[in-house]
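J.: I'm passing along work_1.tsv; it holds TSV, C-alpha atoms (C1' of nucleotides).
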chain	number	residue	atom	x	y	z
A	1	MET	CA	-20.92	-1.27	-121.01
A	2	ALA	CA	-19.70	-1.89	-124.50
A	3	THR	CA	-16.30	-0.25	-124.63
A	4	LYS	CA	-14.00	-3.04	-123.51
A	5	SER	CA	-10.77	-1.26	-124.22
A	6	ILE	CA	-9.76	0.94	-121.38
A	7	SER	CA	-6.92	3.15	-122.36
A	8	HIS	CA	-6.14	3.43	-118.68
A	9	GLU	CA	-5.01	-0.21	-118.57
A	10	VAL	CA	-4.50	-0.81	-114.89
A	11	ASP	CA	-1.50	-2.90	-114.10
A	12	ASN	CA	-2.13	-4.49	-110.77
A	13	THR	CA	0.16	-7.46	-111.00
A	14	ASP	CA	2.29	-5.89	-108.33
A	15	ILE	CA	-0.69	-5.41	-106.08
A	16	PHE	CA	-3.19	-8.18	-106.37
A	17	ASP	CA	-3.90	-10.48	-109.21
A	18	LEU	CA	-7.60	-10.13	-108.75
A	19	ILE	CA	-8.39	-13.19	-110.76
A	20	GLY	CA	-5.72	-15.56	-109.54
A	21	LYS	CA	-5.57	-14.48	-105.95
A	22	SER	CA	-9.25	-14.36	-105.23
A	23	HIS	CA	-8.71	-17.00	-102.60
A	24	GLN	CA	-6.39	-14.75	-100.65
A	25	ILE	CA	-8.88	-11.94	-100.93
A	26	GLU	CA	-11.58	-14.12	-99.48
A	27	GLU	CA	-9.23	-15.05	-96.70
A	28	ALA	CA	-8.33	-11.45	-95.99
A	29	ALA	CA	-11.98	-10.47	-95.96
A	30	ALA	CA	-12.75	-13.25	-93.51
A	31	ALA	CA	-9.96	-12.11	-91.22
A	32	MET	CA	-11.15	-8.53	-91.36
A	33	GLN	CA	-14.62	-9.71	-90.59
A	34	ALA	CA	-13.39	-11.60	-87.59
A	35	MET	CA	-11.77	-8.39	-86.36
A	36	SER	CA	-14.68	-6.15	-87.20
A	37	HIS	CA	-16.12	-6.04	-83.72
A	38	PRO	CA	-14.88	-3.92	-80.84
A	39	LEU	CA	-15.07	-6.75	-78.36
A	40	ARG	CA	-13.08	-9.06	-80.58
A	41	ILE	CA	-10.43	-6.43	-81.16
A	42	LYS	CA	-10.17	-5.95	-77.44
A	43	ILE	CA	-9.78	-9.67	-76.94
A	44	LEU	CA	-7.10	-9.90	-79.59
A	45	CYS	CA	-5.25	-7.01	-78.03
A	46	LEU	CA	-5.38	-8.65	-74.65
A	47	LEU	CA	-4.19	-11.96	-76.04
A	48	SER	CA	-1.35	-10.34	-77.91
A	49	SER	CA	0.38	-9.98	-74.57
A	50	GLY	CA	-0.15	-13.59	-73.66
A	51	GLU	CA	-2.70	-16.25	-73.00
A	52	MET	CA	-5.72	-15.68	-70.82
A	53	ALA	CA	-8.48	-17.72	-69.29
A	54	VAL	CA	-12.03	-16.93	-70.28
A	55	GLN	CA	-12.93	-15.51	-66.93
A	56	GLU	CA	-10.04	-13.06	-67.04
A	57	ILE	CA	-11.19	-11.91	-70.44
A	58	VAL	CA	-14.73	-11.48	-69.20
A	59	GLU	CA	-13.53	-9.27	-66.37
A	60	ALA	CA	-11.28	-7.26	-68.66
A	61	VAL	CA	-13.77	-6.47	-71.38
A	62	GLY	CA	-16.93	-6.02	-69.38
A	63	THR	CA	-19.71	-8.11	-70.82
A	64	THR	CA	-21.34	-11.40	-69.97
A	65	GLN	CA	-19.56	-14.73	-69.95
A	66	GLY	CA	-21.84	-16.16	-72.60
A	67	ASN	CA	-21.18	-13.27	-74.89
A	68	VAL	CA	-17.42	-13.55	-74.52
A	69	SER	CA	-17.66	-17.23	-75.20
A	70	GLN	CA	-19.53	-16.54	-78.41
A	71	HIS	CA	-16.95	-14.05	-79.57
A	72	LEU	CA	-14.14	-16.41	-78.69
A	73	ALA	CA	-15.85	-19.05	-80.76
A	74	ILE	CA	-15.92	-16.67	-83.71
A	75	LEU	CA	-12.23	-15.89	-83.31
A	76	LYS	CA	-11.45	-19.57	-83.01
A	77	ALA	CA	-13.51	-20.51	-86.05
A	78	SER	CA	-11.53	-18.03	-88.08
A	79	ASN	CA	-8.27	-19.43	-86.72
A	80	MET	CA	-7.22	-16.22	-85.08
A	81	VAL	CA	-6.93	-17.81	-81.66
A	82	VAL	CA	-6.51	-21.29	-80.26
A	83	SER	CA	-7.25	-22.71	-76.87
A	84	ARG	CA	-5.68	-24.91	-74.28
A	85	VAL	CA	-7.47	-26.76	-71.51
A	86	ALA	CA	-6.09	-26.62	-67.99
A	87	GLY	CA	-8.33	-28.27	-65.48
A	88	LYS	CA	-11.55	-26.38	-65.27
A	89	GLN	CA	-10.18	-23.43	-67.10
A	90	ILE	CA	-9.64	-22.85	-70.80
A	91	PHE	CA	-6.88	-20.56	-71.90
A	92	TYR	CA	-6.99	-18.76	-75.20
A	93	PHE	CA	-4.00	-17.46	-77.06
A	94	ILE	CA	-2.75	-16.35	-80.44
A	95	ASP	CA	-0.71	-18.94	-82.23
A	96	ASP	CA	-0.37	-17.42	-85.67
A	97	LYS	CA	2.35	-14.85	-86.21
A	98	ARG	CA	0.29	-13.25	-88.93
A	99	VAL	CA	-2.40	-12.49	-86.40
A	100	VAL	CA	0.12	-10.92	-84.06
A	101	LYS	CA	1.28	-8.85	-86.98
A	102	ILE	CA	-2.21	-7.70	-87.87
A	103	VAL	CA	-3.02	-6.78	-84.30
A	104	ALA	CA	0.23	-4.86	-83.97
A	105	MET	CA	-0.48	-3.05	-87.19
A	106	THR	CA	-3.96	-2.18	-86.06
A	107	ARG	CA	-2.62	-0.75	-82.84
A	108	ASP	CA	0.01	1.09	-84.78
A	109	VAL	CA	-2.44	2.68	-87.17
A	110	PHE	CA	-5.26	3.50	-84.80
A	111	CYS	CA	-3.49	4.22	-81.53
A	112	SER	CA	-0.67	6.46	-82.61
A	113	THR	CA	-1.62	10.09	-82.20
B	1	MET	CA	-22.21	-4.47	-62.55
B	2	ALA	CA	-21.91	-3.63	-58.90
B	3	THR	CA	-18.26	-4.37	-58.12
B	4	LYS	CA	-16.42	-1.46	-59.59
B	5	SER	CA	-13.07	-2.52	-58.26
B	6	ILE	CA	-11.64	-5.44	-60.14
B	7	SER	CA	-8.85	-6.93	-58.11
B	8	HIS	CA	-7.55	-8.61	-61.23
B	9	GLU	CA	-6.17	-5.28	-62.43
B	10	VAL	CA	-5.05	-6.04	-65.96
B	11	ASP	CA	-2.12	-3.92	-67.00
B	12	ASN	CA	-2.51	-3.30	-70.66
B	13	THR	CA	-1.08	0.17	-70.85
B	14	ASP	CA	1.52	-1.12	-73.24
B	15	ILE	CA	-1.09	-2.59	-75.53
B	16	PHE	CA	-4.40	-0.83	-75.42
B	17	ASP	CA	-5.90	1.14	-72.63
B	18	LEU	CA	-9.23	-0.52	-72.99
B	19	ILE	CA	-11.03	2.13	-71.01
B	20	GLY	CA	-9.39	5.25	-72.31
B	21	LYS	CA	-8.85	4.19	-75.88
B	22	SER	CA	-12.24	2.70	-76.51
B	23	HIS	CA	-12.75	5.33	-79.16
B	24	GLN	CA	-9.78	4.07	-81.13
B	25	ILE	CA	-11.05	0.55	-80.80
B	26	GLU	CA	-14.40	1.56	-82.21
B	27	GLU	CA	-12.62	3.27	-85.03
B	28	ALA	CA	-10.47	0.26	-85.75
B	29	ALA	CA	-13.50	-2.00	-85.70
B	30	ALA	CA	-15.28	0.30	-88.13
B	31	ALA	CA	-12.32	0.24	-90.48
B	32	MET	CA	-12.08	-3.53	-90.31
B	33	GLN	CA	-15.75	-3.76	-90.98
B	34	ALA	CA	-15.40	-1.53	-94.00
B	35	MET	CA	-12.74	-3.88	-95.30
B	36	SER	CA	-14.57	-7.04	-94.44
B	37	HIS	CA	-15.95	-7.68	-97.88
B	38	PRO	CA	-14.05	-9.20	-100.82
B	39	LEU	CA	-15.32	-6.63	-103.24
B	40	ARG	CA	-14.29	-3.75	-101.06
B	41	ILE	CA	-10.85	-5.22	-100.52
B	42	LYS	CA	-10.49	-5.57	-104.26
B	43	ILE	CA	-11.50	-1.97	-104.74
B	44	LEU	CA	-9.05	-0.77	-102.12
B	45	CYS	CA	-6.29	-2.77	-103.73
B	46	LEU	CA	-7.08	-1.28	-107.09
B	47	LEU	CA	-7.16	2.21	-105.68
B	48	SER	CA	-3.89	1.75	-103.86
B	49	SER	CA	-2.19	2.06	-107.22
B	50	GLY	CA	-4.03	5.23	-108.10
B	51	GLU	CA	-7.38	6.78	-108.70
B	52	MET	CA	-10.01	5.13	-110.86
B	53	ALA	CA	-13.35	6.03	-112.34
B	54	VAL	CA	-16.36	4.00	-111.31
B	55	GLN	CA	-16.74	2.34	-114.65
B	56	GLU	CA	-13.16	1.11	-114.59
B	57	ILE	CA	-13.73	-0.39	-111.19
B	58	VAL	CA	-16.89	-2.07	-112.39
B	59	GLU	CA	-15.02	-3.69	-115.25
B	60	ALA	CA	-12.15	-4.72	-113.00
B	61	VAL	CA	-14.12	-6.39	-110.27
B	62	GLY	CA	-16.92	-7.97	-112.25
B	63	THR	CA	-20.24	-7.04	-110.77
B	64	THR	CA	-22.99	-4.58	-111.56
B	65	GLN	CA	-22.57	-0.83	-111.58
B	66	GLY	CA	-25.16	-0.36	-108.90
B	67	ASN	CA	-23.45	-2.80	-106.64
B	68	VAL	CA	-20.05	-1.16	-107.04
B	69	SER	CA	-21.63	2.18	-106.34
B	70	GLN	CA	-23.07	0.83	-103.12
B	71	HIS	CA	-19.74	-0.54	-101.99
B	72	LEU	CA	-18.00	2.69	-102.89
B	73	ALA	CA	-20.54	4.52	-100.78
B	74	ILE	CA	-19.68	2.29	-97.84
B	75	LEU	CA	-15.97	2.91	-98.29
B	76	LYS	CA	-16.60	6.61	-98.58
B	77	ALA	CA	-18.81	6.72	-95.51
B	78	SER	CA	-16.03	5.14	-93.51
B	79	ASN	CA	-13.54	7.64	-94.93
B	80	MET	CA	-11.40	5.04	-96.58
B	81	VAL	CA	-11.78	6.63	-99.99
B	82	VAL	CA	-12.66	10.03	-101.35
B	83	SER	CA	-13.93	11.08	-104.75
B	84	ARG	CA	-13.30	13.72	-107.32
B	85	VAL	CA	-15.68	14.79	-110.07
B	86	ALA	CA	-14.35	15.15	-113.59
B	87	GLY	CA	-17.05	15.90	-116.08
B	88	LYS	CA	-19.40	12.96	-116.29
B	89	GLN	CA	-17.03	10.70	-114.45
B	90	ILE	CA	-16.28	10.37	-110.78
B	91	PHE	CA	-12.85	9.24	-109.71
B	92	TYR	CA	-12.26	7.51	-106.43
B	93	PHE	CA	-8.98	7.40	-104.62
B	94	ILE	CA	-7.35	6.82	-101.27
B	95	ASP	CA	-6.38	9.99	-99.49
B	96	ASP	CA	-5.44	8.68	-96.06
B	97	LYS	CA	-1.97	7.28	-95.58
B	98	ARG	CA	-3.24	5.04	-92.85
B	99	VAL	CA	-5.51	3.34	-95.35
B	100	VAL	CA	-2.63	2.82	-97.73
B	101	LYS	CA	-0.74	1.31	-94.84
B	102	ILE	CA	-3.55	-1.04	-93.92
B	103	VAL	CA	-4.01	-2.19	-97.48
B	104	ALA	CA	-0.30	-2.79	-97.86
B	105	MET	CA	-0.26	-4.73	-94.63
B	106	THR	CA	-3.19	-6.81	-95.74
B	107	ARG	CA	-1.45	-7.66	-98.97
B	108	ASP	CA	1.71	-8.40	-97.07
B	109	VAL	CA	0.05	-10.77	-94.66
B	110	PHE	CA	-2.31	-12.56	-97.00
B	111	CYS	CA	-0.47	-12.59	-100.29
B	112	SER	CA	2.99	-13.66	-99.27
B	113	THR	CA	3.37	-17.40	-99.70
C	1	DC	C1'	-34.16	21.28	-125.54
C	2	DG	C1'	-33.88	16.17	-125.93
C	3	DC	C1'	-30.52	12.37	-125.73
C	4	DT	C1'	-27.02	9.60	-123.86
C	5	DA	C1'	-23.41	8.18	-120.77
C	6	DA	C1'	-21.85	7.82	-115.96
C	7	DT	C1'	-23.09	7.37	-111.53
C	8	DA	C1'	-26.18	7.30	-107.53
C	9	DT	C1'	-30.19	5.96	-105.07
C	10	DT	C1'	-34.14	3.42	-103.67
C	11	DA	C1'	-37.23	-0.49	-102.59
C	12	DG	C1'	-37.73	-5.07	-101.55
C	13	DT	C1'	-36.00	-9.36	-100.22
C	14	DT	C1'	-32.90	-12.64	-98.14
C	15	DA	C1'	-29.17	-13.74	-95.25
C	16	DA	C1'	-26.03	-12.94	-91.46
C	17	DA	C1'	-24.57	-10.90	-86.97
C	18	DT	C1'	-25.53	-9.72	-82.42
C	19	DC	C1'	-27.41	-9.66	-77.87
C	20	DT	C1'	-29.92	-11.64	-73.92
C	21	DA	C1'	-31.25	-15.02	-71.10
C	22	DA	C1'	-31.47	-19.41	-70.15
C	23	DT	C1'	-29.62	-24.02	-70.10
C	24	DA	C1'	-26.09	-27.66	-70.87
C	25	DT	C1'	-21.47	-29.79	-70.30
C	26	DG	C1'	-17.69	-31.24	-67.83
C	27	DA	C1'	-13.90	-31.26	-64.51
C	28	DA	C1'	-12.65	-31.33	-59.87
C	29	DA	C1'	-13.74	-31.27	-54.90
C	30	DG	C1'	-15.53	-33.34	-51.04
D	1	DC	C1'	-22.41	-39.13	-56.57
D	2	DT	C1'	-23.61	-34.51	-55.66
D	3	DT	C1'	-22.16	-29.90	-55.81
D	4	DT	C1'	-19.72	-26.18	-57.66
D	5	DC	C1'	-17.02	-23.56	-60.77
D	6	DA	C1'	-15.68	-22.53	-65.55
D	7	DT	C1'	-17.10	-22.58	-69.94
D	8	DA	C1'	-20.01	-23.65	-73.93
D	9	DT	C1'	-24.27	-23.87	-76.32
D	10	DT	C1'	-28.87	-22.87	-77.71
D	11	DA	C1'	-33.14	-20.35	-78.81
D	12	DG	C1'	-35.39	-16.35	-79.88
D	13	DA	C1'	-35.62	-11.51	-81.02
D	14	DT	C1'	-33.57	-7.58	-83.22
D	15	DT	C1'	-30.52	-5.34	-86.14
D	16	DT	C1'	-27.54	-4.87	-89.86
D	17	DA	C1'	-25.60	-6.21	-94.39
D	18	DA	C1'	-26.18	-7.76	-98.99
D	19	DC	C1'	-27.83	-8.45	-103.61
D	20	DT	C1'	-31.07	-7.49	-107.49
D	21	DA	C1'	-33.56	-4.80	-110.28
D	22	DA	C1'	-35.37	-0.80	-111.22
D	23	DT	C1'	-35.31	4.20	-111.29
D	24	DA	C1'	-33.30	8.85	-110.44
D	25	DT	C1'	-29.74	12.42	-111.17
D	26	DT	C1'	-26.62	15.05	-113.66
D	27	DA	C1'	-23.14	16.47	-117.15
D	28	DG	C1'	-22.20	17.11	-121.72
D	29	DC	C1'	-23.34	16.60	-126.68
D	30	DG	C1'	-25.78	17.93	-130.75
The structure in this file should be written as C-alpha cells.
T.:
Amino acid sequence: MATKSISHEVDNTDIFDLIGKSHQIEEAAAAMQAMSHPLRIKILCLLSSGEMAVQEIVEAVGTTQGNVSQHLAILKASNMVVSRVAGKQIFYFIDDKRVVKIVAMTRDVFCST
Amino acid sequence: MATKSISHEVDNTDIFDLIGKSHQIEEAAAAMQAMSHPLRIKILCLLSSGEMAVQEIVEAVGTTQGNVSQHLAILKASNMVVSRVAGKQIFYFIDDKRVVKIVAMTRDVFCST
DNA sequence: CGCTAATATTAGTTAAATCTAATATGAAAG
DNA sequence: CTTTCATATTAGATTTAACTAATATTAGCG
C-alpha cells in the first residue's frame, strides 16, 4: 500500500467529489435503501399517480395492514412520502419532486423492454 | 386471502402492473439494494468515468482492501459491474447502460443544489 | 522454485431489516 | 360513553448485511 502516486490519476470532479460531497452520497444511499424493498417500490409507484389511503394500499399490494404501516413509516422517515389526515383515514402521497423523478427513472429503466 | 375479487380495482397499467411486472419490481429492488451503501455508490461513481483496478478503488474510497473486495463482489453479483483480468490486476467497470443511467440519475438528483 | 504484489475468501461478531401476531390509539357514530 | 373502523405501534423471532482480521489464491518476477 506504499505507492501513493497513481499514474492513472482519476479526475472525478465532474462526477462526485468524494471527499466534499460525502453528505450527498450518504443521502443517496439512504434513499436507495428506502427503495430497496419490493413492497416499498410498489407503494411509491402507486403513490406516483396520486395520494392513497392506507387501506387502499393494503388492498393493492397484498400484505397485512400492520406490515404496510411499517413500510409507510420507513418511507416517511426517509422523507419519500408525507401524510395527510382526513377523518379516520390517513392519506399518503409524494411531495418531493425528486422522489417522483427517481420513481419515474426506476420505471423507465426496469420496465422498458 | 379468500376474497379474490377486489372491487377497488386499481388501474395502474400506466404505472406498474403490480401483478404482471412483479419480476421487474424485484429486479429494481435488487438494484436499489445493491446501491444502498455509500461505499458502493462511491465505487459506481468512480467506475462511471471508466474502469479501475481494485487497488485504485481502495485508495480512492479509503477503506481496507478486503472490504472493497467484498463490496465489489456484491456489485458484481447484482450485475452492476463486471471485471477484466490484466496480469496481476483486476479491472472493474460498468458494462450495462442502464447502470450508467441510474448512476447519472442519482448524481443528478442528489448532487444538484 | 521461492517471493511478492494484487485480489479474493473465510470466519466470527455485531448490527440492522423484516415478518408475524398481537395490541394500542384515536376519530367518528350512535 | 361504548363501539367500530382505520391506522399505528410493539415485541419477539428470524434473516440478512456489515465490518474486522486473518488467510487463501494466483500471476509474474528473479
J.: Enclose the full set of atoms of region 7-14 of chain C listed in the file within a box whose edges lie along x, y and z, apply 3 Å of padding to each of the six sides, and report centre and edge lengths in Å to one decimal as JSON.
T.:
{"center_x": -30.4, "center_y": -2.6, "center_z": -104.8, "size_x": 20.6, "size_y": 26.0, "size_z": 19.4}
J.: May I ask for the distance between CA of Lys88 (chain A) and CA of Ile74 (chain A), given in Å to one decimal place?
T.: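 Interatomic distance here is 21.3 Å.
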J.: To one decimal in Å, tell me the separation between CA of His23 (chain A) and CA of Val99 (chain A).
T.: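 About the pair CA of His23 (chain A) and CA of Val99 (chain A): they are 18.0 Å apart.
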J.: Can you give chain B as a PDB file with C-alpha atoms, keeping the file's coordinate frame after you superpose it on chain A, pairing all C-alpha atoms in order for the least-squares fit?
T.:
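Once everything was written out, this is out29.pdb:
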ATOM      1  CA  MET B   1     -20.736  -7.403-118.919  1.00  0.00           C
ATOM      2  CA  ALA B   2     -20.201  -7.820-122.615  1.00  0.00           C
ATOM      3  CA  THR B   3     -16.968  -5.919-123.259  1.00  0.00           C
ATOM      4  CA  LYS B   4     -14.305  -8.216-121.974  1.00  0.00           C
ATOM      5  CA  SER B   5     -11.459  -6.063-123.148  1.00  0.00           C
ATOM      6  CA  ILE B   6     -11.007  -2.999-121.024  1.00  0.00           C
ATOM      7  CA  SER B   7      -8.830  -0.559-122.876  1.00  0.00           C
ATOM      8  CA  HIS B   8      -8.110   1.193-119.611  1.00  0.00           C
ATOM      9  CA  GLU B   9      -5.754  -1.624-118.636  1.00  0.00           C
ATOM     10  CA  VAL B  10      -4.916  -0.831-115.036  1.00  0.00           C
ATOM     11  CA  ASP B  11      -1.466  -2.006-114.097  1.00  0.00           C
ATOM     12  CA  ASN B  12      -1.631  -3.001-110.503  1.00  0.00           C
ATOM     13  CA  THR B  13       0.813  -5.855-110.545  1.00  0.00           C
ATOM     14  CA  ASP B  14       2.888  -4.010-108.009  1.00  0.00           C
ATOM     15  CA  ILE B  15      -0.043  -3.611-105.671  1.00  0.00           C
ATOM     16  CA  PHE B  16      -2.638  -6.302-105.984  1.00  0.00           C
ATOM     17  CA  ASP B  17      -3.456  -8.417-108.946  1.00  0.00           C
ATOM     18  CA  LEU B  18      -7.137  -7.912-108.533  1.00  0.00           C
ATOM     19  CA  ILE B  19      -8.025 -10.827-110.745  1.00  0.00           C
ATOM     20  CA  GLY B  20      -5.487 -13.372-109.649  1.00  0.00           C
ATOM     21  CA  LYS B  21      -5.294 -12.479-105.999  1.00  0.00           C
ATOM     22  CA  SER B  22      -8.977 -12.175-105.330  1.00  0.00           C
ATOM     23  CA  HIS B  23      -8.631 -15.032-102.898  1.00  0.00           C
ATOM     24  CA  GLN B  24      -6.197 -13.066-100.775  1.00  0.00           C
ATOM     25  CA  ILE B  25      -8.505 -10.104-100.866  1.00  0.00           C
ATOM     26  CA  GLU B  26     -11.366 -12.216 -99.608  1.00  0.00           C
ATOM     27  CA  GLU B  27      -9.131 -13.500 -96.888  1.00  0.00           C
ATOM     28  CA  ALA B  28      -8.028 -10.036 -95.897  1.00  0.00           C
ATOM     29  CA  ALA B  29     -11.613  -8.837 -95.841  1.00  0.00           C
ATOM     30  CA  ALA B  30     -12.576 -11.760 -93.630  1.00  0.00           C
ATOM     31  CA  ALA B  31      -9.775 -10.964 -91.220  1.00  0.00           C
ATOM     32  CA  MET B  32     -10.727  -7.306 -91.100  1.00  0.00           C
ATOM     33  CA  GLN B  33     -14.282  -8.286 -90.493  1.00  0.00           C
ATOM     34  CA  ALA B  34     -13.243 -10.524 -87.643  1.00  0.00           C
ATOM     35  CA  MET B  35     -11.446  -7.571 -86.113  1.00  0.00           C
ATOM     36  CA  SER B  36     -14.175  -5.083 -86.771  1.00  0.00           C
ATOM     37  CA  HIS B  37     -15.675  -5.176 -83.322  1.00  0.00           C
ATOM     38  CA  PRO B  38     -14.335  -3.375 -80.236  1.00  0.00           C
ATOM     39  CA  LEU B  39     -14.730  -6.394 -78.045  1.00  0.00           C
ATOM     40  CA  ARG B  40     -12.859  -8.629 -80.413  1.00  0.00           C
ATOM     41  CA  ILE B  41     -10.053  -6.121 -80.767  1.00  0.00           C
ATOM     42  CA  LYS B  42      -9.807  -5.970 -77.005  1.00  0.00           C
ATOM     43  CA  ILE B  43      -9.640  -9.732 -76.819  1.00  0.00           C
ATOM     44  CA  LEU B  44      -6.946  -9.899 -79.470  1.00  0.00           C
ATOM     45  CA  CYS B  45      -4.944  -7.270 -77.655  1.00  0.00           C
ATOM     46  CA  LEU B  46      -5.218  -9.190 -74.434  1.00  0.00           C
ATOM     47  CA  LEU B  47      -4.207 -12.409 -76.105  1.00  0.00           C
ATOM     48  CA  SER B  48      -1.251 -10.811 -77.815  1.00  0.00           C
ATOM     49  CA  SER B  49       0.472 -10.838 -74.453  1.00  0.00           C
ATOM     50  CA  GLY B  50      -0.282 -14.482 -73.853  1.00  0.00           C
ATOM     51  CA  GLU B  51      -2.977 -17.042 -73.443  1.00  0.00           C
ATOM     52  CA  MET B  52      -5.984 -16.469 -71.222  1.00  0.00           C
ATOM     53  CA  ALA B  53      -8.870 -18.479 -69.885  1.00  0.00           C
ATOM     54  CA  VAL B  54     -12.367 -17.415 -70.823  1.00  0.00           C
ATOM     55  CA  GLN B  55     -13.236 -16.223 -67.376  1.00  0.00           C
ATOM     56  CA  GLU B  56     -10.220 -13.937 -67.267  1.00  0.00           C
ATOM     57  CA  ILE B  57     -11.242 -12.428 -70.556  1.00  0.00           C
ATOM     58  CA  VAL B  58     -14.765 -11.917 -69.300  1.00  0.00           C
ATOM     59  CA  GLU B  59     -13.486 -10.024 -66.287  1.00  0.00           C
ATOM     60  CA  ALA B  60     -11.089  -7.977 -68.391  1.00  0.00           C
ATOM     61  CA  VAL B  61     -13.492  -6.797 -71.029  1.00  0.00           C
ATOM     62  CA  GLY B  62     -16.639  -6.329 -68.995  1.00  0.00           C
ATOM     63  CA  THR B  63     -19.506  -8.129 -70.612  1.00  0.00           C
ATOM     64  CA  THR B  64     -21.347 -11.378 -70.068  1.00  0.00           C
ATOM     65  CA  GLN B  65     -19.775 -14.800 -70.322  1.00  0.00           C
ATOM     66  CA  GLY B  66     -22.097 -15.843 -73.084  1.00  0.00           C
ATOM     67  CA  ASN B  67     -21.244 -12.822 -75.117  1.00  0.00           C
ATOM     68  CA  VAL B  68     -17.500 -13.346 -74.769  1.00  0.00           C
ATOM     69  CA  SER B  69     -17.959 -16.946 -75.753  1.00  0.00           C
ATOM     70  CA  GLN B  70     -19.760 -15.865 -78.892  1.00  0.00           C
ATOM     71  CA  HIS B  71     -17.029 -13.441 -79.844  1.00  0.00           C
ATOM     72  CA  LEU B  72     -14.363 -16.027 -79.153  1.00  0.00           C
ATOM     73  CA  ALA B  73     -16.211 -18.387 -81.449  1.00  0.00           C
ATOM     74  CA  ILE B  74     -16.101 -15.777 -84.193  1.00  0.00           C
ATOM     75  CA  LEU B  75     -12.381 -15.242 -83.713  1.00  0.00           C
ATOM     76  CA  LYS B  76     -11.822 -18.965 -83.716  1.00  0.00           C
ATOM     77  CA  ALA B  77     -13.897 -19.518 -86.832  1.00  0.00           C
ATOM     78  CA  SER B  78     -11.757 -16.998 -88.647  1.00  0.00           C
ATOM     79  CA  ASN B  79      -8.606 -18.700 -87.367  1.00  0.00           C
ATOM     80  CA  MET B  80      -7.380 -15.700 -85.481  1.00  0.00           C
ATOM     81  CA  VAL B  81      -7.233 -17.590 -82.209  1.00  0.00           C
ATOM     82  CA  VAL B  82      -7.001 -21.191 -81.128  1.00  0.00           C
ATOM     83  CA  SER B  83      -7.868 -22.847 -77.845  1.00  0.00           C
ATOM     84  CA  ARG B  84      -6.435 -25.352 -75.468  1.00  0.00           C
ATOM     85  CA  VAL B  85      -8.352 -27.322 -72.858  1.00  0.00           C
ATOM     86  CA  ALA B  86      -6.965 -27.524 -69.348  1.00  0.00           C
ATOM     87  CA  GLY B  87      -9.286 -29.271 -66.980  1.00  0.00           C
ATOM     88  CA  LYS B  88     -12.437 -27.237 -66.599  1.00  0.00           C
ATOM     89  CA  GLN B  89     -10.899 -24.214 -68.212  1.00  0.00           C
ATOM     90  CA  ILE B  90     -10.302 -23.380 -71.830  1.00  0.00           C
ATOM     91  CA  PHE B  91      -7.401 -21.156 -72.738  1.00  0.00           C
ATOM     92  CA  TYR B  92      -7.392 -19.077 -75.865  1.00  0.00           C
ATOM     93  CA  PHE B  93      -4.317 -17.809 -77.592  1.00  0.00           C
ATOM     94  CA  ILE B  94      -2.961 -16.489 -80.853  1.00  0.00           C
ATOM     95  CA  ASP B  95      -1.055 -19.048 -82.846  1.00  0.00           C
ATOM     96  CA  ASP B  96      -0.583 -17.246 -86.147  1.00  0.00           C
ATOM     97  CA  LYS B  97       2.274 -14.801 -86.446  1.00  0.00           C
ATOM     98  CA  ARG B  98       0.358 -12.862 -89.025  1.00  0.00           C
ATOM     99  CA  VAL B  99      -2.321 -12.156 -86.453  1.00  0.00           C
ATOM    100  CA  VAL B 100       0.260 -10.952 -83.980  1.00  0.00           C
ATOM    101  CA  LYS B 101       1.573  -8.706 -86.707  1.00  0.00           C
ATOM    102  CA  ILE B 102      -1.834  -7.286 -87.507  1.00  0.00           C
ATOM    103  CA  VAL B 103      -2.618  -6.619 -83.881  1.00  0.00           C
ATOM    104  CA  ALA B 104       0.719  -4.923 -83.378  1.00  0.00           C
ATOM    105  CA  MET B 105       0.140  -2.821 -86.451  1.00  0.00           C
ATOM    106  CA  THR B 106      -3.290  -1.852 -85.250  1.00  0.00           C
ATOM    107  CA  ARG B 107      -1.892  -0.757 -81.929  1.00  0.00           C
ATOM    108  CA  ASP B 108       0.872   1.078 -83.700  1.00  0.00           C
ATOM    109  CA  VAL B 109      -1.454   2.993 -85.959  1.00  0.00           C
ATOM    110  CA  PHE B 110      -4.247   3.768 -83.541  1.00  0.00           C
ATOM    111  CA  CYS B 111      -2.498   4.113 -80.220  1.00  0.00           C
ATOM    112  CA  SER B 112       0.451   6.285 -81.083  1.00  0.00           C
ATOM    113  CA  THR B 113      -0.356   9.911 -80.364  1.00  0.00           C
TER     114      THR B 113
END
J.: Of the candidates A:Ser48, A:Thr64, A:Ala34, A:Gln89, which one gets nearest to chain D if we count only C-alpha atoms (C1' of nucleotides)?
T.: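 Closest candidate: A:Gln89.
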J.: Would you mind listing, as a list of chain:residue names, all residues of chain D that have at least one atom within 10 Å of chain B, where only C-alpha atoms (C1' of nucleotides) are what counts?
T.: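 Residues of chain D within 10 Å of chain B, counting only C-alpha atoms (C1' of nucleotides): D:DA18, D:DC19, D:DT20, D:DA21, D:DT26, D:DA27, D:DG28.
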J.: Could those selected residues go to a file with C-alpha atoms (C1' of nucleotides), as a PDB file, in the frame of the given file?
T.:
ATOM      1  C1'  DA D  18     -26.180  -7.760 -98.990  1.00  0.00           C
ATOM      2  C1'  DC D  19     -27.830  -8.450-103.610  1.00  0.00           C
ATOM      3  C1'  DT D  20     -31.070  -7.490-107.490  1.00  0.00           C
ATOM      4  C1'  DA D  21     -33.560  -4.800-110.280  1.00  0.00           C
ATOM      5  C1'  DT D  26     -26.620  15.050-113.660  1.00  0.00           C
ATOM      6  C1'  DA D  27     -23.140  16.470-117.150  1.00  0.00           C
ATOM      7  C1'  DG D  28     -22.200  17.110-121.720  1.00  0.00           C
TER       8       DG D  28
END
J.: Given a cut-off of 9 Å, which residues of chain B touch chain A, counting only C-alpha atoms, written out as a PyMOL selection string?
T.: chain B and resi 1+6+8-10+12+15-16+18+21-22+24-42+45-46+48-49+52+55-56+59-61+98-99+101-102+104-107+109-111
